[in-house]
Amino acid sequence: MESFSYRSPNAEEWTFLEKCHPFDLESFLQRCLIFQKFLYETNEKFNLTRIPVEEFWSKHVCDSLSLACMKEEIRNQKIRLCDVGCGAGLPSLILAAAFPNLFINAIDSRGKKAQFTAEAAEKMNLSNLKAFQARSNELGHKDLYRHSFRMVTARAVGTAETLLKETSDLLSRQGELVLYRTPTQAEQEYQALMNGKKRIPIRLTEMLDLPGNAGTRMFMILEPGKTLPSK
């Protein structure tokens, strides 16, 4: 295997990262570099990402961190968060590295990916993240996790309808299901949910352009613990 070559953020990516207000930007960047090396070295052994290292900062780090630009409480409130279908630890590792006020459980049904995320958290010295193999619909039936999360996140996994069904038992009464979406995905899923039988508060955030023409991100936020009046 060839020796790994680090890729640091360029000026546009750096500006975006500053906009998201990580708690300690220098420490955050160092942790991301550790993650970058571990991710792409491990990717040689089994598939974790199709994103090349040249797009690591824009499509992995900036995208994961974009949540903080839309939900300010991520930056400064103590929040217990569950990241479902965490895959290679995105967005969970990035959020944990940026905001020590978060306590994150990262879960994935695939053991290798959950193990990778756990090992990455150890290498990045993240004491506020615990990763393990689990399915969200099963975890929600365990006393330790049932209705115990203020926020559940999901990125690049499942439909809004499926995630709503599978994660509702994880959320506290005031909890939010926060889905990373493209504008097209958000509009389609929003209409489908609003036309459904179950009436719950659903809102879409503003759109946010990622650096380097890496796409446009927005978030769909659902509150299954609340209900809306019938039509």
# chains A, B, ... in the order shown; residues from 1 in each chain; ligands from 1
$ residues_around --residues "stretch 60-74 of chain A" --least-positions-apart "5" --cutoff "8 Å" --atoms "only C-alpha atoms" --output "list in words"
Glu13, Phe16, Leu17, Lys19, Cys20, His21, Cys32, Glu55, Ile79, Leu90, Pro91, Ser92, Ile94, Leu95, Ala98, Phe99, Leu102, Thr205, Glu206, Leu208, Leu210, Pro211, Arg217 and Phe219 of chain A
$ atom_distance --atom1 "atom CA of A:Lys37" --atom2 "atom CA of A:Ser8"
11.3 Å
$ residues_around --residues "A:Arg50" --least-positions-apart "6" --cutoff "12 Å" --atoms "only C-alpha atoms" --output "PyMOL selection string"
chain A and resi 39-40+43-44+56+59-60+88
$ atom_distance --atom1 "atom CA of A:Arg155" --atom2 "atom CA of A:Ala97"
17.2 Å
$ atom_distance --atom1 "atom CA of A:Glu41" --atom2 "atom CA of A:Asn213"
25.7 Å
$ select_by_dssp --residues "stretch 101-216 of chain A" --states "strand (DSSP E or B)" --output "ChimeraX atom specification"
/A:102-108,129-133,149-155,171-181,202-204,208-209,216
$ select_by_dssp --residues "stretch 17-188 of chain A" --states "helix (DSSP H, G or I)" --output "ChimeraX atom specification"
/A:17-19,25-42,53-65,67-70,73-76,92-98,111-123,136-139,160-170,183-188
$ write_last_selection --atoms "C-alpha atoms" --output "compact mmCIF listing (two decimals), in the first residue's frame"
# COMPACT_ATOMS: atom_id res chain seq x y z
CA LEU A 17 -15.76 25.15 8.85
CA GLU A 18 -15.33 28.45 10.71
CA LYS A 19 -18.95 29.30 9.91
CA LEU A 25 -11.14 24.64 15.59
CA GLU A 26 -7.46 23.68 15.78
CA SER A 27 -8.17 20.59 17.89
CA PHE A 28 -11.05 19.73 15.59
CA LEU A 29 -8.84 19.91 12.50
CA GLN A 30 -6.23 17.64 14.08
CA ARG A 31 -8.87 15.06 14.94
CA CYS A 32 -10.22 15.22 11.39
CA LEU A 33 -6.75 14.56 9.99
CA ILE A 34 -6.45 11.49 12.21
CA PHE A 35 -9.85 10.33 10.96
CA GLN A 36 -8.90 11.02 7.34
CA LYS A 37 -5.82 8.83 7.55
CA PHE A 38 -7.62 5.99 9.33
CA LEU A 39 -10.60 6.15 6.97
CA TYR A 40 -8.64 5.92 3.73
CA GLU A 41 -6.17 3.35 4.99
CA THR A 42 -9.02 1.14 6.20
CA VAL A 53 -9.62 11.97 -0.42
CA GLU A 54 -9.66 15.15 -2.55
CA GLU A 55 -13.32 15.63 -1.51
CA PHE A 56 -12.91 14.51 2.10
CA TRP A 57 -13.35 17.96 3.63
CA SER A 58 -16.25 19.13 1.47
CA LYS A 59 -18.33 15.96 1.21
CA HIS A 60 -17.52 14.32 4.53
CA VAL A 61 -16.47 16.93 7.07
CA CYS A 62 -18.29 20.07 5.91
CA ASP A 63 -21.44 18.14 5.07
CA SER A 64 -21.50 16.41 8.45
CA LEU A 65 -20.84 19.68 10.26
CA LEU A 67 -26.07 20.59 10.93
CA ALA A 68 -24.52 23.14 13.31
CA CYS A 69 -25.25 25.91 10.81
CA MET A 70 -28.95 25.09 10.94
CA GLU A 73 -28.19 24.32 20.01
CA ILE A 74 -25.79 21.72 18.61
CA ARG A 75 -22.98 24.17 19.39
CA ASN A 76 -23.67 24.97 23.02
CA SER A 92 -21.27 11.20 14.32
CA LEU A 93 -17.46 11.37 14.51
CA ILE A 94 -17.36 14.86 13.03
CA LEU A 95 -20.06 16.21 15.35
CA ALA A 96 -18.42 14.63 18.41
CA ALA A 97 -15.03 16.09 17.44
CA ALA A 98 -16.48 19.57 16.94
CA GLY A 111 -20.65 -4.92 12.71
CA LYS A 112 -17.58 -3.92 10.69
CA LYS A 113 -18.78 -0.34 10.28
CA ALA A 114 -19.77 0.02 13.92
CA GLN A 115 -16.37 -1.36 14.92
CA PHE A 116 -14.59 1.04 12.58
CA THR A 117 -16.45 3.99 14.09
CA ALA A 118 -15.58 2.82 17.61
CA GLU A 119 -11.90 2.47 16.69
CA ALA A 120 -11.88 5.86 14.96
CA ALA A 121 -13.38 7.48 18.07
CA GLU A 122 -10.61 5.96 20.16
CA LYS A 123 -7.90 7.17 17.79
CA SER A 136 -32.67 1.38 15.79
CA ASN A 137 -36.06 -0.34 15.99
CA GLU A 138 -34.65 -2.95 18.39
CA LEU A 139 -32.61 -0.49 20.45
CA ALA A 160 -38.07 9.55 6.07
CA GLU A 161 -41.12 7.32 6.47
CA THR A 162 -39.04 4.27 7.41
CA LEU A 163 -36.78 6.21 9.77
CA LEU A 164 -39.78 7.77 11.49
CA LYS A 165 -41.19 4.32 12.23
CA GLU A 166 -37.88 2.81 13.34
CA THR A 167 -36.56 5.63 15.55
CA SER A 168 -39.64 7.04 17.30
CA ASP A 169 -39.07 4.87 20.37
CA LEU A 170 -35.56 6.30 20.76
CA PRO A 183 -33.63 19.66 -1.64
CA THR A 184 -35.22 17.15 -4.03
CA GLN A 185 -35.32 14.40 -1.41
CA ALA A 186 -36.72 16.78 1.20
CA GLU A 187 -39.54 18.06 -1.02
CA GLN A 188 -40.63 14.59 -2.11
$ closest_residue --among "A:Glu223, A:Ile202, A:Leu171, A:Glu176" --to "A:Arg146" --atoms "only C-alpha atoms"
A:Leu171
$ closest_residue --among "A:His147, A:Arg7, A:Arg80, A:Arg135" --to "A:Ser109" --atoms "only C-alpha atoms"
A:Arg135
$ closest_residue --among "A:Thr49, A:Asn195, A:Asn125, A:Gln174" --to "A:Met151" --atoms "only C-alpha atoms"
A:Gln174
